[in-house]
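Student: Dropping a structure here in structure tokens format, bear with me for questions.
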Amino acid sequence: MANRYYGIDRGKQGDGDVTEGSSSTATLDVEVRIDLAASMDKSEVLMALDNLKRYIAQDTWPPA
């Protein structure tokens, strides 16, 4: 299974602060794993991320 990981630490905002790799570093504050075997196109991935962002914004924080 091919995965791509994107991550960033709290307080970082620039494109240069985003890490990208084929394995998880497990040291970043926020990390997203995308399953490349699912064969989604870029717009589908962005839509899924928008849905996750909306869900987190509407849910209670911190999560239980």
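Ordering of the structure tokens sets the chain letters (A, B, ...); residue numbers start at 1 within each chain; ligands are numbered from 1 in the order shown.
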Would you kindly return, as JSON, numbers by chain, each protein, DNA or RNA residue with an atom no farther than 8 Å from any atom of segment 26-30 of chain A, considering only C-alpha atoms and excluding same-chain residues fewer than 4 positions away?

Tutor: {"A": [7, 8, 9, 10]}

Student: Could you take the residues named above and write them with N, CA and C atoms, as a short mmCIF file (atom, residue, chain, number, x, y, z; two decimals), in the first residue's frame?

Tutor:
data_model
loop_
_atom_site.label_atom_id
_atom_site.label_comp_id
_atom_site.auth_asym_id
_atom_site.auth_seq_id
_atom_site.Cartn_x
_atom_site.Cartn_y
_atom_site.Cartn_z
N GLY A 7 2.71 16.82 6.86
CA GLY A 7 2.65 17.21 8.25
C GLY A 7 3.18 18.61 8.47
N ILE A 8 2.83 19.14 9.64
CA ILE A 8 3.28 20.48 10.02
C ILE A 8 3.21 20.60 11.54
N ASP A 9 4.06 21.41 12.09
CA ASP A 9 4.06 21.68 13.52
C ASP A 9 3.25 22.93 13.84
N ARG A 10 2.75 22.98 15.05
CA ARG A 10 1.97 24.12 15.53
C ARG A 10 2.76 25.42 15.35
#

Student: Mind checking DSSP for chain A and telling me the strand (DSSP E or B) residues as a PyMOL selection string?

Tutor: chain A and resi 3-8+19-21+30-35

Student: Grab the atom CA of Met1 of chain A to atom CA of Asp35 of chain A distance for me, in Å with one decimal place.

Tutor: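 These atoms are spaced 7.3 Å apart.
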
Student: For the alpha helix (DSSP H) assignment from backbone DSSP, which residues of chain A qualify? Please present them as a PyMOL selection string.

Tutor: chain A and resi 42-58

Student: Quick one: everything within 10 Å of Ser24 of chain A, counting only C-alpha atoms, minus sequence neighbours fewer than 2 positions away in the same chain. Send it as a PyMOL selection string.

Tutor: chain A and resi 3-7+19-22+26-28+31-33

Student: Would you work out the distance separating atom CA of Ile34 of chain A from atom CA of Val18 of chain A, expressed in Å to one decimal?

Tutor: 14.8 Å
